[in-house]
file entry_5.txt (compact mmCIF, C-alpha atoms)
# COMPACT_ATOMS: atom_id res chain seq x y z
CA MET A 1 22.72 16.16 8.55
CA ASN A 2 23.79 19.11 6.40
CA ASP A 3 22.23 22.54 6.11
CA THR A 4 20.40 21.61 2.91
CA TYR A 5 18.51 18.87 4.73
CA PHE A 6 17.32 21.21 7.47
CA MET A 7 16.32 23.82 4.90
CA GLN A 8 14.25 21.16 3.12
CA ILE A 9 12.61 20.19 6.39
CA GLU A 10 11.60 23.78 7.03
CA ARG A 11 10.26 24.13 3.48
CA ALA A 12 8.19 20.98 3.96
CA LYS A 13 6.83 22.19 7.31
CA LYS A 14 5.73 25.50 5.83
CA ALA A 15 4.22 23.88 2.74
CA ILE A 16 2.13 21.51 4.85
CA LYS A 17 1.08 24.27 7.25
CA ASP A 18 -0.07 26.53 4.40
CA ALA A 19 -1.71 23.80 2.31
CA GLN A 20 -5.43 23.89 1.56
CA TYR A 21 -5.35 20.28 0.37
CA ILE A 22 -2.97 17.37 0.92
CA LEU A 23 -2.90 14.27 -1.25
CA LEU A 24 -0.86 11.38 0.15
CA GLY A 25 0.48 8.65 -2.13
CA GLY A 26 1.78 5.50 -0.43
CA GLY A 27 3.98 2.92 -2.15
CA ALA A 28 5.96 -0.18 -1.25
CA GLY A 29 8.86 1.88 0.07
CA LEU A 30 6.61 3.32 2.75
CA SER A 31 5.74 -0.06 4.20
CA ALA A 32 9.37 -1.14 3.99
CA ALA A 33 10.41 2.01 5.87
CA ALA A 34 7.75 1.20 8.46
CA GLY A 35 9.41 -2.18 9.08
CA ILE A 36 7.16 -4.36 6.94
CA GLU A 37 10.07 -6.05 5.24
CA TYR A 38 9.46 -8.76 2.65
CA SER A 39 12.88 -10.32 3.08
CA GLY A 40 15.57 -10.84 5.70
CA LYS A 41 14.95 -12.01 9.26
CA ARG A 42 11.23 -11.24 9.24
CA PHE A 43 10.83 -13.56 6.28
CA THR A 44 13.11 -16.37 7.47
CA ASP A 45 11.65 -16.37 10.99
CA ASN A 46 8.10 -16.85 9.73
CA PHE A 47 8.49 -19.02 6.63
CA SER A 48 11.20 -21.53 7.49
CA PRO A 49 9.18 -24.63 6.42
CA PHE A 50 8.29 -23.04 3.09
CA ILE A 51 11.86 -21.88 2.50
CA LYS A 52 13.13 -25.43 3.06
CA ARG A 53 10.50 -27.00 0.80
CA TYR A 54 10.38 -24.50 -2.06
CA GLY A 55 13.62 -22.53 -1.83
CA PHE A 56 11.83 -19.22 -1.32
CA THR A 57 14.04 -16.15 -0.89
CA ASP A 58 11.52 -13.40 -0.08
CA LEU A 59 7.82 -12.70 0.33
CA TYR A 60 7.44 -10.85 -2.95
CA SER A 61 8.81 -13.43 -5.37
CA SER A 62 7.27 -16.35 -3.44
CA GLY A 63 3.86 -14.84 -4.13
CA PHE A 64 4.29 -15.84 -7.78
CA TYR A 65 5.29 -19.44 -7.08
CA PRO A 66 3.34 -21.99 -9.21
CA PHE A 67 2.11 -24.30 -6.45
CA LYS A 68 1.09 -27.75 -7.70
CA THR A 69 -1.98 -27.94 -5.48
CA GLN A 70 -4.47 -25.57 -3.91
CA GLU A 71 -3.71 -27.16 -0.53
CA GLU A 72 -0.08 -26.02 -0.81
CA LYS A 73 -0.95 -22.62 -2.22
CA TRP A 74 -3.32 -21.70 0.58
CA ALA A 75 -1.02 -22.98 3.32
CA TYR A 76 1.50 -20.42 2.10
CA TRP A 77 -0.95 -17.61 1.41
CA ALA A 78 -2.72 -17.98 4.75
CA LYS A 79 0.55 -17.31 6.54
CA HIS A 80 1.48 -14.52 4.11
CA ILE A 81 -1.85 -12.76 4.67
CA SER A 82 -1.82 -13.31 8.42
CA LEU A 83 1.69 -11.96 8.92
CA ASN A 84 1.17 -8.81 6.87
CA ARG A 85 -2.47 -8.03 7.58
CA TYR A 86 -3.64 -9.54 10.89
CA GLU A 87 -0.59 -10.10 13.10
CA LEU A 88 0.79 -6.60 12.60
CA GLY A 89 -0.63 -3.57 14.35
CA ALA A 90 -0.32 0.02 13.21
CA THR A 91 3.34 0.92 12.76
CA LYS A 92 4.84 4.12 14.17
CA LEU A 93 5.58 5.60 10.76
CA TYR A 94 1.99 5.32 9.57
CA ARG A 95 0.70 6.67 12.89
CA ASP A 96 3.05 9.66 12.64
CA ILE A 97 1.95 10.38 9.08
CA PHE A 98 -1.64 10.46 10.33
CA GLN A 99 -0.72 12.94 13.06
CA LEU A 100 1.00 15.07 10.44
CA VAL A 101 -2.10 15.53 8.28
CA LYS A 102 -5.12 14.68 10.45
CA ASP A 103 -6.21 18.31 10.86
CA LYS A 104 -5.88 19.10 7.15
CA ASN A 105 -8.15 18.46 4.17
CA TYR A 106 -6.51 15.28 2.89
CA PHE A 107 -6.99 12.09 0.92
CA VAL A 108 -4.87 8.96 0.49
CA ILE A 109 -4.20 6.81 -2.56
CA SER A 110 -2.06 3.73 -1.91
CA THR A 111 -0.76 0.74 -3.82
CA ASN A 112 -0.07 -1.03 -0.52
CA VAL A 113 -2.39 -3.82 0.58
CA GLU A 114 -1.77 -4.23 4.34
CA SER A 115 -4.39 -1.69 5.50
CA GLN A 116 -1.79 0.20 7.53
CA PHE A 117 -3.35 3.58 6.80
CA ASN A 118 -6.67 2.46 8.30
CA LYS A 119 -4.96 0.83 11.27
CA ALA A 120 -3.08 4.07 11.94
CA GLY A 121 -6.29 6.07 12.27
CA PHE A 122 -7.09 7.24 8.75
CA PRO A 123 -10.86 7.01 8.12
CA SER A 124 -11.69 4.31 5.59
CA ASP A 125 -13.54 6.78 3.36
CA LYS A 126 -10.33 8.76 2.89
CA VAL A 127 -8.09 5.84 1.85
CA PHE A 128 -8.21 4.38 -1.65
CA GLU A 129 -6.28 1.09 -1.75
CA ILE A 130 -6.36 0.88 -5.51
CA GLN A 131 -4.48 -2.44 -5.83
CA GLY A 132 -6.58 -4.46 -3.39
CA ASP A 133 -6.52 -5.64 0.20
CA TYR A 134 -5.01 -8.77 1.80
CA SER A 135 -8.10 -9.24 3.95
CA TYR A 136 -10.44 -10.15 1.10
CA LEU A 137 -10.86 -13.09 -1.26
CA GLN A 138 -12.50 -13.01 -4.68
CA CYS A 139 -13.42 -15.43 -7.44
CA ALA A 140 -10.16 -16.20 -9.27
CA LYS A 141 -11.90 -15.59 -12.59
CA GLY A 142 -13.87 -12.61 -11.36
CA CYS A 143 -17.23 -14.18 -12.17
CA HIS A 144 -18.94 -11.69 -9.83
CA ASP A 145 -17.89 -8.53 -8.01
CA LYS A 146 -18.38 -9.48 -4.37
CA LEU A 147 -15.42 -9.72 -1.96
CA TYR A 148 -15.18 -12.04 1.05
CA TYR A 149 -13.49 -11.12 4.33
CA ASN A 150 -10.99 -13.85 5.08
CA GLU A 151 -9.72 -13.47 8.68
CA SER A 152 -11.47 -16.54 10.12
CA ASN A 153 -10.60 -18.63 7.05
CA VAL A 154 -6.95 -17.64 7.27
CA LYS A 155 -6.77 -18.41 10.98
CA GLU A 156 -8.22 -21.89 10.50
CA MET A 157 -5.92 -22.63 7.56
CA ILE A 158 -2.87 -21.76 9.66
CA GLU A 159 -4.06 -23.79 12.64
CA LYS A 160 -4.57 -26.87 10.46
CA THR A 161 -1.54 -26.58 8.20
CA ILE A 162 0.57 -29.74 8.25
CA ASP A 163 3.68 -30.22 6.14
CA CYS A 164 3.01 -26.98 4.20
CA LYS A 165 -0.51 -28.06 3.22
CA ILE A 166 -4.02 -27.31 4.43
CA PRO A 167 -6.83 -29.90 4.51
CA SER A 168 -8.68 -30.11 1.20
CA GLN A 169 -11.97 -29.10 2.80
CA LEU A 170 -10.47 -25.71 3.73
CA VAL A 171 -9.54 -24.80 0.14
CA PRO A 172 -11.77 -21.78 -0.66
CA LYS A 173 -14.22 -22.17 -3.53
CA CYS A 174 -16.20 -19.48 -5.31
CA PRO A 175 -19.78 -19.57 -3.94
CA VAL A 176 -21.15 -18.59 -7.35
CA CYS A 177 -19.26 -20.60 -10.00
CA GLY A 178 -17.60 -23.19 -7.74
CA GLY A 179 -14.16 -22.36 -9.11
CA GLU A 180 -10.97 -21.35 -7.38
CA MET A 181 -10.63 -18.28 -5.20
CA GLU A 182 -7.83 -15.72 -5.15
CA VAL A 183 -6.61 -12.96 -2.85
CA ASN A 184 -8.05 -9.60 -3.89
CA LEU A 185 -4.81 -8.25 -5.34
CA ARG A 186 -4.34 -6.73 -8.77
CA ILE A 187 -2.29 -9.57 -10.27
CA ASP A 188 -4.21 -10.17 -13.50
CA GLU A 189 -7.19 -9.07 -15.58
CA TYR A 190 -9.61 -10.76 -13.17
CA PHE A 191 -9.02 -8.34 -10.29
CA VAL A 192 -12.40 -7.55 -8.75
CA GLN A 193 -13.32 -3.91 -8.25
CA ASP A 194 -16.36 -4.03 -6.00
CA GLU A 195 -18.87 -1.29 -5.20
CA ARG A 196 -16.64 0.08 -2.44
CA TRP A 197 -13.69 0.31 -4.86
CA TYR A 198 -15.74 2.45 -7.25
CA GLU A 199 -16.98 4.66 -4.41
CA LEU A 200 -13.41 5.40 -3.33
CA ASN A 201 -12.30 5.91 -6.91
CA LYS A 202 -15.01 8.57 -7.20
CA SER A 203 -13.91 10.14 -3.91
CA TYR A 204 -10.35 10.30 -5.21
CA LYS A 205 -11.43 11.99 -8.45
CA ASP A 206 -13.66 14.40 -6.51
CA PHE A 207 -10.68 15.34 -4.33
CA LEU A 208 -8.57 15.99 -7.43
CA ASN A 209 -11.29 18.19 -8.91
CA LYS A 210 -11.80 20.20 -5.72
CA SER A 211 -8.07 20.77 -5.23
CA GLU A 212 -7.40 21.75 -8.86
CA GLY A 213 -5.65 25.11 -8.96
CA GLN A 214 -5.64 25.34 -5.16
CA LYS A 215 -2.68 25.40 -2.76
CA VAL A 216 -2.18 21.63 -2.69
CA ILE A 217 0.65 19.44 -1.42
CA TYR A 218 1.32 16.06 -2.97
CA ILE A 219 3.22 13.89 -0.49
CA GLU A 220 4.71 10.88 -2.24
CA LEU A 221 5.88 8.18 0.18
CA GLY A 222 8.14 5.40 -1.08
CA VAL A 223 6.75 5.23 -4.61
CA GLY A 224 9.15 3.68 -7.10
CA PHE A 225 8.80 2.49 -10.67
CA ASN A 226 6.91 -0.79 -10.26
CA THR A 227 3.56 0.87 -11.06
CA PRO A 228 4.53 4.54 -11.61
CA GLY A 229 1.38 5.29 -13.57
CA ILE A 230 -0.77 5.12 -10.44
CA ILE A 231 0.94 7.66 -8.17
CA ARG A 232 4.38 8.85 -9.25
CA TYR A 233 3.64 10.07 -12.77
CA PRO A 234 0.22 11.55 -11.92
CA PHE A 235 1.70 13.44 -8.95
CA GLU A 236 4.39 14.89 -11.24
CA ARG A 237 1.77 15.91 -13.81
CA LEU A 238 -0.54 17.44 -11.20
CA THR A 239 2.37 19.42 -9.73
CA TYR A 240 3.40 20.68 -13.17
CA GLU A 241 -0.13 21.77 -14.10
CA ASN A 242 -0.83 23.68 -10.87
CA GLU A 243 1.28 26.75 -10.16
CA ASN A 244 0.19 26.57 -6.51
CA ALA A 245 1.24 22.94 -6.02
CA THR A 246 4.22 21.49 -4.19
CA LEU A 247 5.47 17.92 -4.38
CA ILE A 248 7.12 16.43 -1.29
CA ARG A 249 8.87 13.19 -2.20
CA LEU A 250 10.28 10.78 0.39
CA ASN A 251 12.17 8.08 -1.47
CA ARG A 252 15.43 6.42 -0.49
CA ASP A 253 16.20 5.07 -3.97
CA TYR A 254 14.49 7.47 -6.38
CA PRO A 255 14.32 10.94 -4.82
CA GLU A 256 14.81 12.88 -8.04
CA GLY A 257 11.88 13.77 -10.24
CA ALA A 258 10.97 15.69 -13.36
CA LYS A 259 13.28 18.60 -14.08
CA GLU A 260 10.24 20.72 -14.97
CA ASN A 261 9.12 20.48 -11.32
CA LYS A 262 12.53 20.96 -9.73
CA ASN A 263 11.67 24.26 -8.05
CA LYS A 264 8.34 22.91 -6.80
CA THR A 265 9.69 19.63 -5.41
CA ILE A 266 11.07 18.97 -1.92
CA SER A 267 12.92 15.65 -2.01
CA PHE A 268 14.29 13.47 0.78
CA ALA A 269 16.43 10.35 0.40
CA GLU A 270 17.01 10.09 4.15
CA ASP A 271 15.30 7.60 6.47
CA MET A 272 11.56 8.16 6.10
CA GLN A 273 10.74 7.86 9.80
CA GLU A 274 13.45 10.39 10.60
CA VAL A 275 12.14 12.84 8.00
CA VAL A 276 8.52 12.56 9.12
CA SER A 277 9.53 13.00 12.78
CA ALA A 278 11.59 16.07 11.88
CA ILE A 279 8.68 17.64 9.96
CA MET A 280 6.35 17.00 12.90
CA ASN A 281 8.66 18.71 15.42
call {"tool": "encode", "arguments": {"input": "entry_5.txt", "output": "structure tokens"}}
result
Amino acid sequence: MNDTYFMQIERAKKAIKDAQYILLGGGAGLSAAAGIEYSGKRFTDNFSPFIKRYGFTDLYSSGFYPFKTQEEKWAYWAKHISLNRYELGATKLYRDIFQLVKDKNYFVISTNVESQFNKAGFPSDKVFEIQGDYSYLQCAKGCHDKLYYNESNVKEMIEKTIDCKIPSQLVPKCPVCGGEMEVNLRIDEYFVQDERWYELNKSYKDFLNKSEGQKVIYIELGVGFNTPGIIRYPFERLTYENENATLIRLNRDYPEGAKENKNKTISFAEDMQEVVSAIMN
């Protein structure tokens, strides 16, 4: 590592130490850095039957596959949900991030859906998973705003999957309209935002209001340009508008930000786990 890197580490340490508020923003790059890969060996080891049948290449694109039947769809999605939500414990990177901020006044907004922040120790009332959560099902047409915890359903689907299909009686049906069910992910206009979602949205806005004009650190973790309007662009705007703000960006592919915030931004393109460990020490 060069001198610039170590200078940036020291700047980040001081900024976090002196911060009155810390807002964490987690994106897909964070989970990838934590080892939750959606391709490669992790994918091929767990989805061999589906790869052979459908020609899948990775977990992301396969999520958009137009299955011909609900029995096929839920055989795949049960395994997808189980692998990423239930079979995986808290990863080291998420645990270390919690240790980094746990004694500060912080809040988390994340587009990730694996509940890793909660698993790592972050209280649920401080984590706003704005894009949904693998562990819940909803009416596919959003006919009502209740969510349904799916762990037992998923386990039974996997146990009874044969030839990449689940038994018809296990296909989830909406208890209100009798229609199809969907994973609670923001994939279309029917995404259900339940009472808890609105509570956390209010908590997020309250945090923004309280930290306005204060010495606040925005820590952006692996946020690219898939949905930049949720975290990346707002963090840039908030940094620009607050003379006391600092933006710490950890991003392997897109470390550079707005030129207007250049002097207020501490960027790292290095391995995220390595950077977080260095800041902690």
call {"tool": "residues_near_point", "arguments": {"input": "entry_5.txt", "point": "(3.7, 23.9, 4.5)", "cutoff": "12 Å", "atoms": "only C-alpha atoms", "output": "VMD selection string"}}
result
chain A and resid 8 to 22 100 to 101 104 215 to 219 244 to 248 266 279 to 280
call {"tool": "closest_residue", "arguments": {"input": "entry_5.txt", "among": "A:Phe235, A:Phe117, A:Tyr38, A:Tyr198", "to": "A:Gln99", "atoms": "all atoms listed in the file"}}
result
A:Phe117
call {"tool": "residues_around", "arguments": {"input": "entry_5.txt", "residues": "A:Asp58", "least_positions_apart": "6", "cutoff": "9 Å", "atoms": "only C-alpha atoms", "output": "mmCIF file with C-alpha atoms, in the coordinates of the input"}}
result
data_model
loop_
_atom_site.group_PDB
_atom_site.id
_atom_site.type_symbol
_atom_site.label_atom_id
_atom_site.label_comp_id
_atom_site.auth_asym_id
_atom_site.auth_seq_id
_atom_site.Cartn_x
_atom_site.Cartn_y
_atom_site.Cartn_z
ATOM 1 C CA TYR A 38 9.460 -8.760 2.650
ATOM 2 C CA SER A 39 12.880 -10.320 3.080
ATOM 3 C CA GLY A 40 15.570 -10.840 5.700
ATOM 4 C CA PHE A 43 10.830 -13.560 6.280
ATOM 5 C CA THR A 44 13.110 -16.370 7.470
ATOM 6 C CA ILE A 51 11.860 -21.880 2.500
#
call {"tool": "residues_around", "arguments": {"input": "entry_5.txt", "residues": "A:Arg53", "least_positions_apart": "4", "cutoff": "10 Å", "atoms": "only C-alpha atoms", "output": "PDB file with C-alpha atoms, in the coordinates of the input"}}
result
ATOM      1  CA  SER A  48      11.200 -21.530   7.490  1.00  0.00           C
ATOM      2  CA  PRO A  49       9.180 -24.630   6.420  1.00  0.00           C
ATOM      3  CA  ASP A 163       3.680 -30.220   6.140  1.00  0.00           C
ATOM      4  CA  CYS A 164       3.010 -26.980   4.200  1.00  0.00           C
TER       5      CYS A 164
END
call {"tool": "residues_around", "arguments": {"input": "entry_5.txt", "residues": "A:Tyr5", "least_positions_apart": "6", "cutoff": "10 Å", "atoms": "all atoms listed in the file", "output": "ChimeraX atom specification"}}
result
/A:11,266-270,275
call {"tool": "write_last_selection", "arguments": {"input": "entry_5.txt", "atoms": "C-alpha atoms", "output": "PDB file, in the frame of the given file"}}
result
ATOM      1  CA  ARG A  11      10.260  24.130   3.480  1.00  0.00           C
ATOM      2  CA  ILE A 266      11.070  18.970  -1.920  1.00  0.00           C
ATOM      3  CA  SER A 267      12.920  15.650  -2.010  1.00  0.00           C
ATOM      4  CA  PHE A 268      14.290  13.470   0.780  1.00  0.00           C
ATOM      5  CA  ALA A 269      16.430  10.350   0.400  1.00  0.00           C
ATOM      6  CA  GLU A 270      17.010  10.090   4.150  1.00  0.00           C
ATOM      7  CA  VAL A 275      12.140  12.840   8.000  1.00  0.00           C
TER       8      VAL A 275
END
call {"tool": "closest_residue", "arguments": {"input": "entry_5.txt", "among": "A:Asn261, A:Ile36, A:Leu59, A:Glu212", "to": "A:Leu88", "atoms": "all atoms listed in the file"}}
result
A:Ile36
call {"tool": "closest_residue", "arguments": {"input": "entry_5.txt", "among": "A:Ser62, A:Tyr86, A:Lys79, A:Thr69", "to": "A:Glu159", "atoms": "only C-alpha atoms"}}
result
A:Lys79
call {"tool": "closest_residue", "arguments": {"input": "entry_5.txt", "among": "A:Ser211, A:Leu147, A:Pro234, A:Cys174", "to": "A:Asp194", "atoms": "all atoms listed in the file"}}
result
A:Leu147
call {"tool": "closest_residue", "arguments": {"input": "entry_5.txt", "among": "A:Glu274, A:Glu256, A:Glu87, A:Asp206", "to": "A:Leu23", "atoms": "all atoms listed in the file"}}
result
A:Asp206
call {"tool": "closest_residue", "arguments": {"input": "entry_5.txt", "among": "A:Ser124, A:Gly257, A:Asn281, A:Tyr76", "to": "A:Pro228", "atoms": "only C-alpha atoms"}}
result
A:Gly257
call {"tool": "decode", "arguments": {"input": "entry_5.txt", "residues": "stretch 107-120 of chain A", "atoms": "N, CA, C and O atoms", "output": "PDB file, in the first residue's frame"}}
result
ATOM      1  N   PHE A 107     -27.336   5.214  11.764  1.00  0.00           N
ATOM      2  CA  PHE A 107     -28.505   4.613  11.125  1.00  0.00           C
ATOM      3  C   PHE A 107     -28.021   3.967   9.838  1.00  0.00           C
ATOM      4  O   PHE A 107     -26.978   4.339   9.285  1.00  0.00           O
ATOM      5  N   VAL A 108     -28.779   2.958   9.362  1.00  0.00           N
ATOM      6  CA  VAL A 108     -28.402   2.221   8.158  1.00  0.00           C
ATOM      7  C   VAL A 108     -29.536   2.254   7.140  1.00  0.00           C
ATOM      8  O   VAL A 108     -30.688   1.980   7.489  1.00  0.00           O
ATOM      9  N   ILE A 109     -29.197   2.581   5.893  1.00  0.00           N
ATOM     10  CA  ILE A 109     -30.123   2.363   4.789  1.00  0.00           C
ATOM     11  C   ILE A 109     -29.428   1.418   3.823  1.00  0.00           C
ATOM     12  O   ILE A 109     -28.257   1.587   3.494  1.00  0.00           O
ATOM     13  N   SER A 110     -30.147   0.376   3.388  1.00  0.00           N
ATOM     14  CA  SER A 110     -29.520  -0.647   2.556  1.00  0.00           C
ATOM     15  C   SER A 110     -30.454  -1.111   1.451  1.00  0.00           C
ATOM     16  O   SER A 110     -31.659  -1.264   1.669  1.00  0.00           O
ATOM     17  N   THR A 111     -29.873  -1.331   0.279  1.00  0.00           N
ATOM     18  CA  THR A 111     -30.630  -1.931  -0.824  1.00  0.00           C
ATOM     19  C   THR A 111     -30.460  -3.442  -0.845  1.00  0.00           C
ATOM     20  O   THR A 111     -31.039  -4.121  -1.694  1.00  0.00           O
ATOM     21  N   ASN A 112     -29.664  -3.975   0.069  1.00  0.00           N
ATOM     22  CA  ASN A 112     -29.463  -5.421   0.142  1.00  0.00           C
ATOM     23  C   ASN A 112     -30.649  -6.084   0.844  1.00  0.00           C
ATOM     24  O   ASN A 112     -31.347  -5.454   1.637  1.00  0.00           O
ATOM     25  N   VAL A 113     -30.852  -7.361   0.568  1.00  0.00           N
ATOM     26  CA  VAL A 113     -32.061  -8.036   1.036  1.00  0.00           C
ATOM     27  C   VAL A 113     -31.777  -9.325   1.810  1.00  0.00           C
ATOM     28  O   VAL A 113     -32.667 -10.137   2.019  1.00  0.00           O
ATOM     29  N   GLU A 114     -30.522  -9.503   2.260  1.00  0.00           N
ATOM     30  CA  GLU A 114     -30.155 -10.746   2.956  1.00  0.00           C
ATOM     31  C   GLU A 114     -30.188 -10.624   4.467  1.00  0.00           C
ATOM     32  O   GLU A 114     -29.826 -11.569   5.178  1.00  0.00           O
ATOM     33  N   SER A 115     -30.540  -9.459   4.996  1.00  0.00           N
ATOM     34  CA  SER A 115     -30.603  -9.217   6.441  1.00  0.00           C
ATOM     35  C   SER A 115     -29.259  -9.378   7.143  1.00  0.00           C
ATOM     36  O   SER A 115     -29.211  -9.695   8.340  1.00  0.00           O
ATOM     37  N   GLN A 116     -28.170  -9.137   6.435  1.00  0.00           N
ATOM     38  CA  GLN A 116     -26.853  -9.277   7.049  1.00  0.00           C
ATOM     39  C   GLN A 116     -26.591  -8.242   8.135  1.00  0.00           C
ATOM     40  O   GLN A 116     -25.926  -8.535   9.131  1.00  0.00           O
ATOM     41  N   PHE A 117     -27.107  -7.040   7.973  1.00  0.00           N
ATOM     42  CA  PHE A 117     -26.902  -6.026   9.018  1.00  0.00           C
ATOM     43  C   PHE A 117     -27.505  -6.495  10.336  1.00  0.00           C
ATOM     44  O   PHE A 117     -26.874  -6.419  11.394  1.00  0.00           O
ATOM     45  N   ASN A 118     -28.730  -6.995  10.296  1.00  0.00           N
ATOM     46  CA  ASN A 118     -29.378  -7.484  11.513  1.00  0.00           C
ATOM     47  C   ASN A 118     -28.638  -8.681  12.089  1.00  0.00           C
ATOM     48  O   ASN A 118     -28.463  -8.787  13.311  1.00  0.00           O
ATOM     49  N   LYS A 119     -28.212  -9.597  11.242  1.00  0.00           N
ATOM     50  CA  LYS A 119     -27.485 -10.770  11.712  1.00  0.00           C
ATOM     51  C   LYS A 119     -26.184 -10.375  12.403  1.00  0.00           C
ATOM     52  O   LYS A 119     -25.731 -11.045  13.340  1.00  0.00           O
ATOM     53  N   ALA A 120     -25.581  -9.282  11.938  1.00  0.00           N
ATOM     54  CA  ALA A 120     -24.283  -8.855  12.466  1.00  0.00           C
ATOM     55  C   ALA A 120     -24.394  -8.112  13.783  1.00  0.00           C
ATOM     56  O   ALA A 120     -23.382  -7.790  14.405  1.00  0.00           O
TER      57      ALA A 120
END
